[in-house]
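Following: one structure in structure tokens, then a few remarks.
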Amino acid sequence: MKTVLLIRHAKSDWPHGVDDFDRPLNQRGLRDAPEMAKRVLKRKIAIDAFISSTAKRAFTTCAFFAEAFDAKDRIIPVSRLYHAPPEIFAQVIASADAQYASIALFSHNPGITEYINELGIARLDNMPTCGVFAVRAHCSLWQEFATAQKEFLFFDYPKAI
């Protein structure tokens with residue numbers, strides 16, 4: 001079994017003159033990211049690797065999750081996840097280290113919503129900021145994830161309380 005958590009970056013700021021890639025989290029994002037990390041931690045799902053877009057808002061969100069899991073040494077930056085289309089998600093998952101049973105990917109819309117919908121187990125109109133969508137695949141290798149039978153685990157987001 002392999003488990004993937006797909007996590008959209010927390011709410012970001014739009015400071016004047018700052019490139020999209022360098023946009024930081026805003027106050028709500030700085031509050032939501034650690035809170036969502038705690039909510040995932042309470043589900044008692046182990047995460048072996050935290051794979052993140054290198055954009056500031058996604059990487060910062062990832063860092064909050066890794067800190068909650070006491071796993072800052074397990075962050076893997078992947079620049080291809082910045083505004084990635086669905087096929088990049090599939091490639092990143094397929095290339096995950098075989099030793100990992102569970103990974104978390106941190107990225108952006110619209111690609112993360114499109115990829116979730118391509119999984120065929122749920123339909124989302126829009127993945128909210130700091131939303132977490134978890135899926136388990138009945139496979140032993142990450143290369144088999146795309147074609148494996150999948151089961152929905154949970155979907156959570158900051159305003160879902």
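Note on naming: chains are A, B, ... as they come in the structure tokens, residues start from 1 per chain, ligands start from 1 in the order shown.
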Identify all residues of segment 63-135 of chain A in strand (DSSP E or B) (DSSP on the backbone) and supply them as a list in words.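 Across segment 63-135 of chain A, those assigned strand (DSSP E or B) are Ile75, Ile76, Pro77, Ser102, Ile103, Ala104, Leu105, Phe106, Ser107, Val132, Phe133, Ala134 and Val135 of chain A.
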Hey, what's within 9 Å of segment 7-19 of chain A if we count only C-alpha atoms and toss same-chain stuff fewer than 4 positions away? As an MDAnalysis selection string, please? chainID A and resid 23:33 57:62 104:109 112:113 127:134
Keeping only C-alpha atoms, write the selected residues as a JSON list (two decimals), in the first residue's frame.
```json
[["chain", "number", "residue", "atom", "x", "y", "z"],
["A", 23, "ARG", "CA", 5.00, 35.29, -2.71],
["A", 24, "PRO", "CA", 4.95, 34.61, 1.07],
["A", 25, "LEU", "CA", 2.12, 33.29, 3.19],
["A", 26, "ASN", "CA", -0.23, 35.92, 4.57],
["A", 27, "GLN", "CA", -1.41, 36.02, 8.20],
["A", 28, "ARG", "CA", -4.19, 33.52, 7.56],
["A", 29, "GLY", "CA", -1.76, 31.18, 5.82],
["A", 30, "LEU", "CA", 0.69, 31.45, 8.70],
["A", 31, "ARG", "CA", -2.14, 30.45, 11.05],
["A", 32, "ASP", "CA", -3.73, 27.74, 8.87],
["A", 33, "ALA", "CA", -0.60, 25.80, 7.88],
["A", 57, "ARG", "CA", 4.37, 29.81, -0.29],
["A", 58, "ALA", "CA", 4.36, 26.05, -0.95],
["A", 59, "PHE", "CA", 7.75, 25.43, 0.63],
["A", 60, "THR", "CA", 6.78, 27.40, 3.74],
["A", 61, "THR", "CA", 3.56, 25.38, 4.04],
["A", 62, "CYS", "CA", 5.59, 22.20, 3.69],
["A", 104, "ALA", "CA", 2.98, 14.41, 1.02],
["A", 105, "LEU", "CA", 3.11, 16.65, -2.07],
["A", 106, "PHE", "CA", 2.81, 20.44, -1.70],
["A", 107, "SER", "CA", 1.81, 22.37, -4.79],
["A", 108, "HIS", "CA", -0.57, 24.82, -6.45],
["A", 109, "ASN", "CA", -3.86, 25.24, -8.24],
["A", 112, "ILE", "CA", -3.51, 20.00, -7.85],
["A", 113, "THR", "CA", -7.30, 20.14, -8.33],
["A", 127, "MET", "CA", -8.83, 22.58, -3.86],
["A", 128, "PRO", "CA", -8.91, 25.23, -1.12],
["A", 129, "THR", "CA", -5.73, 26.79, 0.22],
["A", 130, "CYS", "CA", -4.08, 24.49, 2.74],
["A", 131, "GLY", "CA", -6.50, 21.73, 1.74],
["A", 132, "VAL", "CA", -5.34, 18.15, 2.26],
["A", 133, "PHE", "CA", -6.60, 15.32, 0.07],
["A", 134, "ALA", "CA", -5.42, 11.83, 1.03]]
```
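Atom pair atom CA of Lys38 of chain A / atom CA of Arg80 of chain A: separated by 27.0 Å.
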Using only C-alpha atoms, find each residue in segment 38-95 of chain A having at least one atom no more than 12 Å away from segment 147-153 of chain A; report its shortest atom-to-atom pair and that distance in Å (one decimal), rows by chain then rising number, as CSV.
```
residue,atom,partner,partner_atom,distance
A:Val40,CA,A:Leu153,CA,11.6
A:Arg43,CA,A:Leu153,CA,10.4
A:Ile45,CA,A:Leu153,CA,10.4
A:Ala90,CA,A:Thr147,CA,10.5
A:Ala94,CA,A:Thr147,CA,10.7
```
With C-alpha atoms retained, export the selected residues as a CSV table (one decimal), in the first residue's frame.
```csv
chain,number,residue,atom,x,y,z
A,40,VAL,CA,-3.2,15.6,9.9
A,43,ARG,CA,-5.0,11.2,12.1
A,45,ILE,CA,-0.7,8.9,9.3
A,90,ALA,CA,2.0,11.5,-11.7
A,94,ALA,CA,6.1,7.5,-9.8
```
Hey, what does DSSP flag as helix (DSSP H, G or I) within chain A? Can you give it to me as a count of residues only? 61
Which residues are close to Ala37 of chain A, i.e. within 7 Å by only C-alpha atoms, leaving aside same-chain residues fewer than 2 positions away? Reply as a PyMOL selection string. chain A and resi 33-35+39-41+64-65+68
